[in-house]
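> File follows, start36.tsv with TSV, C-alpha atoms and all ligand atoms:
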chain	number	residue	atom	x	y	z
B	17	MET	CA	0.00	0.00	0.00
B	18	LEU	CA	1.29	3.43	-0.89
B	19	ASN	CA	1.45	5.98	1.93
B	20	ASN	CA	-0.25	9.36	1.68
B	21	PHE	CA	-2.27	8.08	-1.24
B	22	ASN	CA	-5.91	7.49	-2.02
B	23	SER	CA	-6.17	5.53	-5.25
B	24	GLU	CA	-9.75	6.56	-6.03
B	25	ALA	CA	-9.00	10.24	-5.51
B	26	PHE	CA	-5.90	9.80	-7.68
B	27	LEU	CA	-7.88	8.10	-10.46
B	28	SER	CA	-10.57	10.75	-10.61
B	29	LYS	CA	-8.27	13.75	-10.26
B	30	HIS	CA	-4.95	12.80	-11.84
B	31	TRP	CA	-4.87	9.61	-13.95
B	32	GLN	CA	-4.38	10.69	-17.59
B	33	LYS	CA	-5.23	14.24	-16.54
B	34	SER	CA	-2.65	15.98	-14.42
B	35	PRO	CA	0.69	15.24	-12.74
B	36	CYS	CA	0.79	14.31	-9.06
B	37	LEU	CA	3.56	14.12	-6.47
B	38	ILE	CA	3.20	11.56	-3.67
B	39	LYS	CA	5.69	12.39	-0.91
B	40	ASN	CA	7.05	9.45	1.13
B	41	ALA	CA	4.82	7.06	-0.81
B	42	LEU	CA	7.00	4.05	-0.04
B	43	SER	CA	8.04	3.34	3.54
B	44	GLN	CA	10.47	0.74	2.25
B	45	VAL	CA	12.53	2.20	-0.58
B	46	PRO	CA	13.06	-0.34	-3.38
B	47	ASP	CA	16.63	-1.57	-3.74
B	48	PHE	CA	16.51	-4.30	-6.35
B	49	ILE	CA	19.66	-3.33	-8.25
B	50	SER	CA	22.85	-1.37	-7.66
B	51	ALA	CA	24.33	1.15	-10.11
B	52	GLU	CA	27.13	-1.36	-10.86
B	53	GLU	CA	24.65	-4.14	-11.63
B	54	LEU	CA	22.66	-1.79	-13.84
B	55	ALA	CA	25.84	-0.90	-15.74
B	56	GLY	CA	26.53	-4.64	-16.05
B	57	LEU	CA	23.12	-5.20	-17.68
B	58	ALA	CA	23.86	-2.42	-20.18
B	59	LEU	CA	26.82	-4.47	-21.49
B	60	ASP	CA	24.46	-7.28	-22.53
B	61	GLU	CA	23.40	-7.16	-26.17
B	62	GLU	CA	19.93	-8.50	-25.38
B	63	VAL	CA	19.19	-5.65	-22.97
B	64	GLU	CA	17.80	-2.34	-24.29
B	65	SER	CA	19.77	0.53	-22.80
B	66	ARG	CA	20.92	4.03	-23.61
B	67	ILE	CA	23.16	6.72	-22.24
B	68	VAL	CA	22.15	10.36	-22.55
B	69	SER	CA	24.79	12.96	-21.84
B	70	SER	CA	24.93	16.71	-22.01
B	71	ILE	CA	28.61	17.26	-21.48
B	72	ASP	CA	29.64	20.88	-22.23
B	73	ASN	CA	26.03	21.46	-23.32
B	74	GLN	CA	26.41	18.97	-26.16
B	75	TRP	CA	23.50	16.54	-25.95
B	76	GLN	CA	24.23	13.03	-27.10
B	77	VAL	CA	22.31	9.74	-27.06
B	78	GLN	CA	24.12	6.43	-27.35
B	79	GLN	CA	22.30	3.12	-27.62
B	80	GLY	CA	23.59	0.02	-25.84
B	81	PRO	CA	25.06	-2.54	-25.60
B	82	PHE	CA	28.11	-0.75	-24.20
B	83	GLU	CA	31.75	-1.61	-23.65
B	84	GLU	CA	32.74	-1.48	-19.98
B	85	SER	CA	35.28	1.26	-20.77
B	86	ILE	CA	32.51	3.74	-21.63
B	87	PHE	CA	31.74	4.32	-17.96
B	88	SER	CA	35.26	5.48	-17.13
B	89	ASN	CA	35.33	7.74	-20.21
B	90	LEU	CA	32.07	9.50	-19.41
B	91	GLY	CA	33.34	11.52	-16.49
B	92	GLU	CA	31.81	12.33	-13.14
B	93	SER	CA	28.74	14.32	-14.13
B	94	GLN	CA	26.07	15.25	-16.73
B	95	TRP	CA	25.12	11.80	-17.92
B	96	THR	CA	22.50	9.17	-17.26
B	97	LEU	CA	22.16	5.48	-18.04
B	98	LEU	CA	18.64	4.16	-18.73
B	99	VAL	CA	17.87	0.44	-18.89
B	100	GLN	CA	14.48	-0.87	-20.08
B	101	THR	CA	12.37	-3.92	-19.19
B	102	LEU	CA	13.87	-4.62	-15.76
B	103	ASP	CA	10.61	-6.49	-15.03
B	104	PHE	CA	11.97	-9.18	-17.35
B	105	TRP	CA	15.66	-9.09	-16.43
B	106	LEU	CA	14.96	-8.87	-12.70
B	107	PRO	CA	11.59	-10.59	-12.10
B	108	GLU	CA	11.66	-9.71	-8.35
B	109	ILE	CA	11.05	-6.10	-9.39
B	110	ASN	CA	7.50	-7.11	-10.33
B	111	GLN	CA	6.68	-7.01	-6.60
B	112	LEU	CA	6.58	-3.25	-7.00
B	113	LEU	CA	3.58	-3.51	-9.30
B	114	GLN	CA	1.41	-4.82	-6.45
B	115	ASP	CA	1.19	-1.25	-5.15
B	116	PHE	CA	-0.13	-0.10	-8.51
B	117	ASN	CA	-2.94	-2.63	-8.90
B	118	PHE	CA	-5.40	0.28	-9.07
B	119	ILE	CA	-4.28	0.47	-12.73
B	120	PRO	CA	-5.17	-2.62	-14.77
B	121	ARG	CA	-2.19	-4.82	-15.52
B	122	TRP	CA	-2.97	-4.86	-19.25
B	123	ARG	CA	-2.00	-1.16	-19.29
B	124	PHE	CA	1.50	-1.96	-17.93
B	125	ASP	CA	4.41	-1.62	-20.33
B	126	ASP	CA	7.69	-2.02	-18.45
B	127	VAL	CA	9.90	-0.96	-15.56
B	128	MET	CA	12.82	1.22	-16.60
B	129	VAL	CA	15.65	1.97	-14.19
B	130	SER	CA	17.91	4.98	-14.55
B	131	TYR	CA	21.13	5.91	-12.84
B	132	ALA	CA	22.32	9.50	-13.17
B	133	THR	CA	25.40	11.42	-12.20
B	134	ASP	CA	25.26	15.01	-10.95
B	135	GLY	CA	23.31	17.15	-13.45
B	136	GLY	CA	22.43	14.09	-15.54
B	137	GLY	CA	19.01	13.54	-17.11
B	138	VAL	CA	17.35	13.12	-20.48
B	139	GLY	CA	16.38	16.79	-20.74
B	140	PRO	CA	12.94	18.41	-21.12
B	141	HIS	CA	10.68	16.06	-23.10
B	142	TYR	CA	7.32	14.30	-23.17
B	143	ASP	CA	6.29	10.67	-23.57
B	144	ASN	CA	3.20	8.99	-24.97
B	145	TYR	CA	3.05	6.87	-21.83
B	146	ASP	CA	1.71	7.31	-18.33
B	147	VAL	CA	4.57	6.94	-15.92
B	148	PHE	CA	5.14	6.66	-12.17
B	149	LEU	CA	8.67	7.88	-11.40
B	150	ILE	CA	9.94	6.37	-8.16
B	151	GLN	CA	12.97	7.99	-6.56
B	152	THR	CA	15.06	5.19	-5.05
B	153	GLN	CA	18.47	6.71	-4.32
B	154	GLY	CA	19.82	10.23	-4.03
B	155	GLN	CA	17.89	13.27	-5.17
B	156	ARG	CA	16.49	14.52	-8.45
B	157	ARG	CA	14.89	17.81	-9.30
B	158	TRP	CA	11.79	17.22	-11.40
B	159	ARG	CA	9.85	19.86	-13.27
B	160	VAL	CA	6.49	18.93	-14.79
B	161	GLY	CA	4.18	20.98	-17.01
B	162	THR	CA	0.46	20.57	-17.62
B	163	LYS	CA	-1.08	17.98	-19.90
B	164	ASP	CA	-1.69	18.90	-23.54
B	165	ASN	CA	0.18	22.14	-23.11
B	166	LEU	CA	3.40	21.16	-24.80
B	167	PRO	CA	5.99	23.79	-25.59
B	168	PRO	CA	7.53	23.70	-29.09
B	169	THR	CA	9.93	20.85	-29.75
B	170	ASN	CA	13.60	21.53	-30.02
B	171	PRO	CA	14.65	20.06	-33.36
B	172	LEU	CA	18.33	20.80	-32.93
B	173	ILE	CA	19.09	17.77	-30.81
B	174	GLU	CA	19.19	14.62	-32.84
B	175	GLY	CA	17.70	11.44	-31.33
B	176	LEU	CA	16.00	13.30	-28.47
B	177	LYS	CA	12.46	14.65	-28.64
B	178	HIS	CA	13.43	17.68	-26.61
B	179	LEU	CA	11.07	20.48	-25.77
B	180	GLN	CA	11.90	24.10	-25.25
B	181	GLU	CA	11.61	25.58	-21.76
B	182	PHE	CA	8.18	25.18	-20.17
B	183	GLU	CA	6.28	26.60	-17.20
B	184	PRO	CA	6.30	23.89	-14.51
B	185	VAL	CA	3.30	23.27	-12.27
B	186	ILE	CA	5.45	20.90	-10.20
B	187	ASP	CA	9.05	21.81	-9.41
B	188	VAL	CA	10.36	19.56	-6.69
B	189	VAL	CA	13.49	17.84	-5.40
B	190	MET	CA	12.48	14.20	-5.05
B	191	GLN	CA	13.81	12.11	-2.18
B	192	PRO	CA	14.00	8.31	-1.91
B	193	GLY	CA	10.48	6.92	-1.47
B	194	ASP	CA	8.76	9.80	-3.30
B	195	ILE	CA	6.69	9.03	-6.39
B	196	LEU	CA	5.79	11.39	-9.22
B	197	TYR	CA	3.03	10.55	-11.69
B	198	VAL	CA	3.37	12.11	-15.14
B	199	PRO	CA	0.50	11.70	-17.64
B	200	PRO	CA	1.18	11.23	-21.37
B	201	GLU	CA	1.87	14.31	-23.51
B	202	THR	CA	3.06	16.27	-20.49
B	203	ALA	CA	6.40	18.08	-20.46
B	204	HIS	CA	8.79	16.83	-17.77
B	205	TRP	CA	12.44	17.19	-16.95
B	206	GLY	CA	14.50	15.43	-14.31
B	207	GLN	CA	17.98	16.54	-13.30
B	208	SER	CA	20.06	14.59	-10.83
B	209	ILE	CA	21.48	16.34	-7.78
B	210	GLY	CA	24.59	14.30	-7.09
B	211	GLU	CA	24.32	10.61	-7.98
B	212	SER	CA	20.82	9.16	-8.05
B	213	MET	CA	18.66	6.26	-9.16
B	214	GLY	CA	15.03	6.11	-10.15
B	215	TYR	CA	12.59	3.48	-11.38
B	216	SER	CA	9.92	4.34	-13.96
B	217	ILE	CA	6.81	2.22	-14.11
B	218	GLY	CA	5.40	2.85	-17.56
B	219	TYR	CA	1.87	2.22	-18.82
B	220	ARG	CA	0.84	2.05	-22.46
B	221	ALA	CA	-2.63	2.66	-23.86
B	222	PRO	CA	-3.78	0.64	-26.85
B	223	GLN	CA	-4.15	2.76	-29.96
B	224	GLN	CA	-6.53	2.51	-32.92
B	225	ARG	CA	-3.71	1.43	-35.16
B	226	ASP	CA	-2.77	-1.43	-32.77
B	227	LEU	CA	-6.30	-2.71	-33.09
B	228	LEU	CA	-6.19	-2.48	-36.87
B	229	ALA	CA	-2.81	-4.24	-36.91
B	230	LEU	CA	-4.29	-7.07	-34.79
B	231	LEU	CA	-7.22	-7.40	-37.18
B	232	ALA	CA	-4.87	-7.40	-40.18
B	233	GLU	CA	-2.71	-10.07	-38.55
B	234	HIS	CA	-5.80	-12.13	-37.81
B	235	PHE	CA	-7.14	-11.93	-41.38
B	236	GLU	CA	-3.76	-12.85	-42.81
B	237	SER	CA	-3.66	-15.95	-40.65
B	238	SER	CA	-5.01	-19.19	-42.02
B	239	HIS	CA	-7.78	-19.65	-39.43
B	240	ALA	CA	-9.68	-16.46	-40.29
B	241	ASP	CA	-13.03	-16.95	-42.00
B	242	GLN	CA	-12.63	-15.45	-45.50
B	243	SER	CA	-15.96	-16.61	-46.87
B	244	HIS	CA	-18.15	-13.53	-46.96
B	245	SER	CA	-15.77	-10.69	-47.55
B	246	PHE	CA	-16.10	-9.80	-51.25
B	247	PHE	CA	-17.82	-6.63	-52.42
B	248	ASP	CA	-20.93	-7.58	-54.37
B	249	ASP	CA	-22.27	-5.20	-57.05
B	250	SER	CA	-24.85	-7.39	-58.65
B	251	TYR	CA	-27.32	-4.50	-57.97
B	252	ARG	CA	-25.62	-2.53	-60.82
B	253	SER	CA	-28.11	-1.34	-63.45
B	254	ARG	CA	-26.83	1.96	-64.81
B	255	ASN	CA	-23.59	3.32	-66.24
B	256	ASN	CA	-21.44	5.44	-63.97
B	257	PRO	CA	-18.31	7.36	-65.07
B	258	ALA	CA	-15.56	4.75	-65.31
B	259	ASN	CA	-13.29	6.33	-62.72
B	260	LEU	CA	-15.90	7.24	-60.11
B	261	LEU	CA	-15.59	5.80	-56.60
B	262	GLU	CA	-19.23	5.05	-55.87
B	263	PRO	CA	-20.95	5.60	-52.51
B	264	GLU	CA	-21.93	1.92	-52.48
B	265	LEU	CA	-18.27	1.02	-52.09
B	266	ILE	CA	-17.91	3.25	-49.05
B	267	ASP	CA	-21.16	1.85	-47.59
B	268	TRP	CA	-19.77	-1.66	-48.09
B	269	ALA	CA	-16.57	-0.67	-46.23
B	270	LYS	CA	-18.60	0.80	-43.36
B	271	HIS	CA	-20.70	-2.35	-43.19
B	272	GLN	CA	-17.60	-4.57	-43.08
B	273	LEU	CA	-16.18	-2.54	-40.20
B	274	ALA	CA	-19.54	-2.64	-38.41
B	275	LEU	CA	-19.58	-6.44	-38.73
B	276	LEU	CA	-16.15	-6.59	-37.11
B	277	ALA	CA	-17.22	-4.18	-34.38
B	278	LYS	CA	-20.09	-6.54	-33.51
B	279	ASP	CA	-17.83	-9.57	-33.26
B	280	GLU	CA	-17.15	-9.33	-29.53
B	281	SER	CA	-15.57	-12.76	-29.21
B	282	LEU	CA	-13.03	-11.93	-31.93
B	283	LEU	CA	-12.18	-8.58	-30.30
B	284	VAL	CA	-11.83	-10.17	-26.84
B	285	ASP	CA	-9.59	-12.88	-28.23
B	286	LEU	CA	-7.34	-10.48	-30.17
B	287	LEU	CA	-7.04	-7.94	-27.33
B	288	GLY	CA	-6.65	-10.55	-24.59
B	289	ARG	CA	-3.88	-12.31	-26.46
B	290	SER	CA	-2.00	-9.20	-27.56
B	291	LEU	CA	-2.23	-7.39	-24.21
B	292	SER	CA	-0.93	-10.47	-22.39
B	293	ARG	CA	2.12	-10.68	-24.62
B	294	SER	CA	5.12	-9.27	-22.75
B	295	LYS	CA	7.72	-7.13	-24.50
B	296	ILE	CA	10.03	-10.08	-23.93
B	297	ASP	CA	8.19	-13.37	-23.36
B	298	CYS	CA	8.48	-14.58	-19.79
B	299	VAL	CA	9.77	-18.15	-19.92
B	300	PRO	CA	7.75	-20.67	-17.86
B	301	LEU	CA	9.44	-22.93	-15.31
B	302	GLU	CA	10.56	-26.42	-16.37
B	303	PRO	CA	7.40	-28.29	-17.45
B	304	THR	CA	6.13	-30.78	-14.89
B	305	ASP	CA	3.95	-33.81	-15.30
B	306	CYS	CA	1.69	-33.61	-12.31
B	307	GLN	CA	-1.37	-35.86	-12.42
B	308	SER	CA	-2.79	-34.98	-9.03
B	309	LEU	CA	-2.57	-31.65	-7.22
B	310	SER	CA	-2.84	-33.26	-3.79
B	311	ALA	CA	0.95	-33.65	-3.67
B	312	TYR	CA	1.26	-29.84	-3.37
B	313	LYS	CA	0.59	-27.51	-0.47
B	314	SER	CA	0.08	-24.18	-2.20
B	315	ILE	CA	0.76	-22.43	-5.50
B	316	LYS	CA	1.42	-18.91	-6.69
B	317	ILE	CA	1.69	-17.54	-10.22
B	318	LEU	CA	5.21	-17.09	-11.59
B	319	PRO	CA	6.23	-13.44	-11.05
B	320	GLY	CA	6.63	-11.53	-14.32
B	321	LEU	CA	4.06	-13.52	-16.27
B	322	ASN	CA	1.78	-11.24	-18.24
B	323	THR	CA	-1.83	-12.24	-17.69
B	324	ASN	CA	-5.35	-10.86	-17.98
B	325	TYR	CA	-8.85	-12.30	-18.03
B	326	PHE	CA	-12.23	-11.52	-19.54
B	327	VAL	CA	-15.58	-12.55	-18.09
B	328	SER	CA	-18.38	-13.24	-20.57
B	329	SER	CA	-21.87	-14.64	-19.91
B	330	ASP	CA	-20.79	-18.28	-19.91
B	331	LYS	CA	-17.03	-18.46	-19.30
B	332	VAL	CA	-13.88	-16.78	-18.11
B	333	GLN	CA	-11.09	-16.49	-20.66
B	334	VAL	CA	-7.66	-16.38	-19.08
B	335	PHE	CA	-4.89	-15.02	-21.28
B	336	ILE	CA	-1.28	-15.84	-20.40
B	337	GLU	CA	1.64	-14.67	-22.54
B	338	GLY	CA	-0.48	-14.57	-25.69
B	339	ASP	CA	-2.43	-17.82	-25.20
B	340	CYS	CA	-6.03	-18.30	-24.10
B	341	TYR	CA	-7.24	-20.79	-21.44
B	342	PRO	CA	-11.02	-21.00	-20.92
B	343	PHE	CA	-12.33	-21.54	-17.38
B	344	GLU	CA	-15.86	-21.97	-16.10
B	345	LEU	CA	-17.70	-18.92	-14.83
B	346	ALA	CA	-17.85	-20.07	-11.21
B	347	SER	CA	-14.05	-20.14	-11.03
B	348	GLU	CA	-13.68	-16.37	-11.42
B	349	PRO	CA	-12.85	-15.48	-7.77
B	350	ALA	CA	-10.00	-18.03	-7.75
B	351	ILE	CA	-8.69	-16.75	-11.10
B	352	SER	CA	-8.77	-13.16	-9.93
B	353	ALA	CA	-6.84	-14.09	-6.74
B	354	LEU	CA	-4.27	-16.27	-8.52
B	355	LEU	CA	-3.57	-13.80	-11.32
B	356	SER	CA	-3.13	-10.95	-8.85
B	357	GLY	CA	-0.24	-12.89	-7.31
B	358	GLN	CA	-1.88	-14.36	-4.20
B	359	GLN	CA	-0.57	-17.64	-2.87
B	360	LEU	CA	-3.47	-20.09	-2.45
B	361	THR	CA	-3.45	-23.49	-0.81
B	362	ILE	CA	-4.50	-26.50	-2.84
B	363	SER	CA	-7.46	-27.05	-0.53
B	364	GLU	CA	-8.60	-23.44	-1.01
B	365	LEU	CA	-8.34	-23.92	-4.77
B	366	LYS	CA	-10.27	-27.16	-4.63
B	367	GLN	CA	-13.14	-25.28	-3.02
B	368	MET	CA	-12.95	-22.19	-5.21
B	369	LEU	CA	-12.51	-23.75	-8.65
B	370	THR	CA	-15.06	-25.93	-10.43
B	371	LYS	CA	-14.23	-29.64	-10.61
B	372	VAL	CA	-13.10	-29.51	-14.24
B	373	ASP	CA	-11.04	-26.36	-13.77
B	374	PHE	CA	-9.32	-27.80	-10.69
B	375	SER	CA	-8.45	-31.17	-12.13
B	376	LEU	CA	-7.83	-30.27	-15.77
B	377	THR	CA	-7.30	-26.59	-16.60
B	378	LEU	CA	-5.27	-25.67	-13.52
B	379	THR	CA	-3.25	-28.89	-13.74
B	380	ASN	CA	-2.47	-28.06	-17.37
B	381	LEU	CA	-1.24	-24.56	-16.42
B	382	ILE	CA	0.89	-25.97	-13.60
B	383	ASN	CA	2.37	-28.53	-15.98
B	384	ILE	CA	3.25	-25.81	-18.51
B	385	GLY	CA	5.27	-24.18	-15.71
B	386	TYR	CA	3.19	-21.10	-14.94
B	387	PHE	CA	3.05	-21.62	-11.15
B	388	LEU	CA	5.56	-21.67	-8.33
B	389	ILE	CA	4.80	-24.73	-6.24
B	390	ASN	CA	5.08	-25.12	-2.51
B	391	MET	CA	5.34	-28.81	-1.60
C	401	LIG	C1	14.68	9.32	-16.07
C	401	LIG	O1	14.50	8.41	-15.24
C	401	LIG	O2	15.59	10.12	-15.96
C	401	LIG	C2	13.79	9.48	-17.25
C	401	LIG	C3	12.41	9.04	-17.02
C	401	LIG	C4	11.44	9.79	-17.88
C	401	LIG	O3	11.60	10.96	-18.11
C	401	LIG	O4	10.43	9.22	-18.35
C	402	CO	CO	9.96	10.80	-19.74
Starting from the file, lay out its structure as structure tokens.
Ligand code: SIN
Ligand code: CO

Amino acid sequence: MLNNFNSEAFLSKHWQKSPCLIKNALSQVPDFISAEELAGLALDEEVESRIVSSIDNQWQVQQGPFEESIFSNLGESQWTLLVQTLDFWLPEINQLLQDFNFIPRWRFDDVMVSYATDGGGVGPHYDNYDVFLIQTQGQRRWRVGTKDNLPPTNPLIEGLKHLQEFEPVIDVVMQPGDILYVPPETAHWGQSIGESMGYSIGYRAPQQRDLLALLAEHFESSHADQSHSFFDDSYRSRNNPANLLEPELIDWAKHQLALLAKDESLLVDLLGRSLSRSKIDCVPLEPTDCQSLSAYKSIKILPGLNTNYFVSSDKVQVFIEGDCYPFELASEPAISALLSGQQLTISELKQMLTKVDFSLTLTNLINIGYFLINM
């Protein structure tokens, strides 16, 4: 639970609307990774990282992976190292998300960790993401503007979407344990005071074009029904100019889109699968071959797995890392508890899940390797 924080007041006043500073939000300051370990990750070619520096007022962005020598050549100040997707590289960090369960998990994008030297930062900019900036070590001065009031961009700095100076509504020196929420399209600018570290919990919002891309992907796949999709102009009885785009064609297109919009099960399936796909797929544990759950004491979902579920009139569809597992409706409370990370005993599960879900569907998921087992 975050201190000094009321999630419902936050949602109605700030979420997607205005920035918000939560002082001393965390009584226990997260310490999942040291600056040295973060630098070590940035040497790995699989890890997405970048260094932004503004040495002698010359802004520069370098993309990882890096050679170890870069850190001794950078000097003592005016640079920052940013490493993405720590939720994958350091699954323990997912514990942090428990405090943010007032935002649906399907909105989550990744946890980024940054280390900065004195004066370091990425400069004044905006993102298309909602972000909670958690100060974990040292101090950073953060300035934040208002939403949808972006100053002109600064085109002179290549590789950085920098903004020109803006009027901050928040101008604060953040201390370890403080959290700052910044909505999308809102100018913000962090500058380290001495050495500091911060974690950014980023949330993405699906966009119209993502939906269209999912539909395109679906219709290109072999299992899509292609049977009734051709334009039919057997009604034609008079000559039109040969090059005219006729209103009937546009009406046909509108009708096709309306048919798709009515296909709720297709939309649920496409969104559930795509929003449960992690940026980097979380690998299940070694598969097991358990026939009977009675050998186990309790289970808990593997941290870092990306999951969501949809409740329709006759079933619950559970999506895990891009795949769908149907459960019976009565099992919903158990699904909700398990997916939110609660540890449940096998006897609790036996009572909460339907017979089929307990003995078949759950066993299947355990065998795939999606649960940590307590014997
Ligand atoms: C940082 O941690 O310095 C950058 C985070 C952000 O601006 O989104
Ligand atoms: Co930002």
> Report the distance between atom CA of B:Asp248 and atom CA of B:Leu261 in Å, rounded to one decimal place.
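Result for atom CA of B:Asp248 versus atom CA of B:Leu261: 14.6 Å, one decimal.
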> Which is closest to B:Leu309 among B:Ile71, B:Leu378, B:Ala58, B:Ala269, if we use only C-alpha atoms?
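Residue with the minimum atom-to-atom distance to B:Leu309: B:Leu378.
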> If we count all atoms listed in the file and set the cut-off at 10 Å, which residues sit around stretch 17-24 of chain B, ignoring sequence neighbours fewer than 3 positions away in its own chain? Please answer as number ranges by chain.
B: 27-31, 37-43, 114-119, 193-195
> Separation of atom CA of B:Ser292 and atom CA of B:Phe326, in Å?
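One can read the atom CA of B:Ser292 to atom CA of B:Phe326 distance as 11.7 Å.
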> Can you write out as CSV which residues of chain B fall within 9 Å of ligand LIG 401 (chain C), alongside each residue's closest atom pair and its distance in Å to one decimal, counting only C-alpha atoms and all ligand atoms and ordering rows by chain and ascending residue number?

residue,atom,partner,partner_atom,distance
B:Thr96,CA,C:LIG401,O2,7.1
B:Leu97,CA,C:LIG401,O2,8.3
B:Leu98,CA,C:LIG401,O1,6.9
B:Met128,CA,C:LIG401,O1,7.5
B:Val129,CA,C:LIG401,O1,6.6
B:Ser130,CA,C:LIG401,O1,4.9
B:Tyr131,CA,C:LIG401,O1,7.5
B:Ala132,CA,C:LIG401,O2,7.3
B:Gly136,CA,C:LIG401,O2,7.9
B:Gly137,CA,C:LIG401,O2,5.0
B:Val138,CA,C:LIG401,O2,5.7
B:Gly139,CA,C:LIG401,O3,8.0
B:Pro140,CA,C:LIG401,O3,8.1
B:His141,CA,C:LIG401,O3,7.2
B:Tyr142,CA,C:LIG401,O3,7.4
B:Asp143,CA,C:LIG401,O4,6.8
B:Tyr145,CA,C:LIG401,O4,8.5
B:Asp146,CA,C:LIG401,O4,8.9
B:Val147,CA,C:LIG401,O4,6.7
B:Phe148,CA,C:LIG401,O4,8.5
B:Leu149,CA,C:LIG401,C3,6.8
B:Ile150,CA,C:LIG401,O1,8.7
B:Gln151,CA,C:LIG401,O1,8.8
B:Arg156,CA,C:LIG401,O2,8.8
B:Val198,CA,C:LIG401,O4,8.3
B:His204,CA,C:LIG401,O3,6.5
B:Trp205,CA,C:LIG401,O3,6.4
B:Gly206,CA,C:LIG401,O2,5.7
B:Gln207,CA,C:LIG401,O2,7.3
B:Ser208,CA,C:LIG401,O2,8.1
B:Met213,CA,C:LIG401,O1,7.7
B:Gly214,CA,C:LIG401,O1,5.6
B:Tyr215,CA,C:LIG401,O1,6.5
B:Ser216,CA,C:LIG401,C3,6.1
B:Ile217,CA,C:LIG401,O4,8.9
B:Gly218,CA,C:LIG401,O4,8.2
> Give me the residues within 12 Å of B:Leu345 as an MDAnalysis selection string, counting all atoms listed in the file and dropping any in the same chain fewer than 5 places off.
chainID B and resid 325:334 350:352 368:370 372:373
> With C-alpha atoms retained, export the selected residues as a CSV table (one decimal), in the frame of the given file.

chain,number,residue,atom,x,y,z
B,325,TYR,CA,-8.8,-12.3,-18.0
B,326,PHE,CA,-12.2,-11.5,-19.5
B,327,VAL,CA,-15.6,-12.6,-18.1
B,328,SER,CA,-18.4,-13.2,-20.6
B,329,SER,CA,-21.9,-14.6,-19.9
B,330,ASP,CA,-20.8,-18.3,-19.9
B,331,LYS,CA,-17.0,-18.5,-19.3
B,332,VAL,CA,-13.9,-16.8,-18.1
B,333,GLN,CA,-11.1,-16.5,-20.7
B,334,VAL,CA,-7.7,-16.4,-19.1
B,350,ALA,CA,-10.0,-18.0,-7.8
B,351,ILE,CA,-8.7,-16.8,-11.1
B,352,SER,CA,-8.8,-13.2,-9.9
B,368,MET,CA,-13.0,-22.2,-5.2
B,369,LEU,CA,-12.5,-23.8,-8.6
B,370,THR,CA,-15.1,-25.9,-10.4
B,372,VAL,CA,-13.1,-29.5,-14.2
B,373,ASP,CA,-11.0,-26.4,-13.8
> Counting only C-alpha atoms, figure out which residue out of B:Ile317, B:Leu354, B:Ala277, B:Val68 gets nearest to B:Ser93.
B:Val68
> Using all atoms listed in the file, pick whichever of B:Gly154, B:Gly56, B:Gly91, B:Pro199 has the shortest atom-to-atom distance to ligand CO 402 (chain C).
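Using all atoms listed in the file, ligand CO 402 (chain C) sits closest to B:Pro199.
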> When you look at B:Asp285 with a cut-off of 9 Å (counting all atoms listed in the file), what residues show up, excluding the ones that are within fewer than 4 positions of it in the same chain? I need them as a ChimeraX atom specification.
/B:280-281,289-290,333,335,340
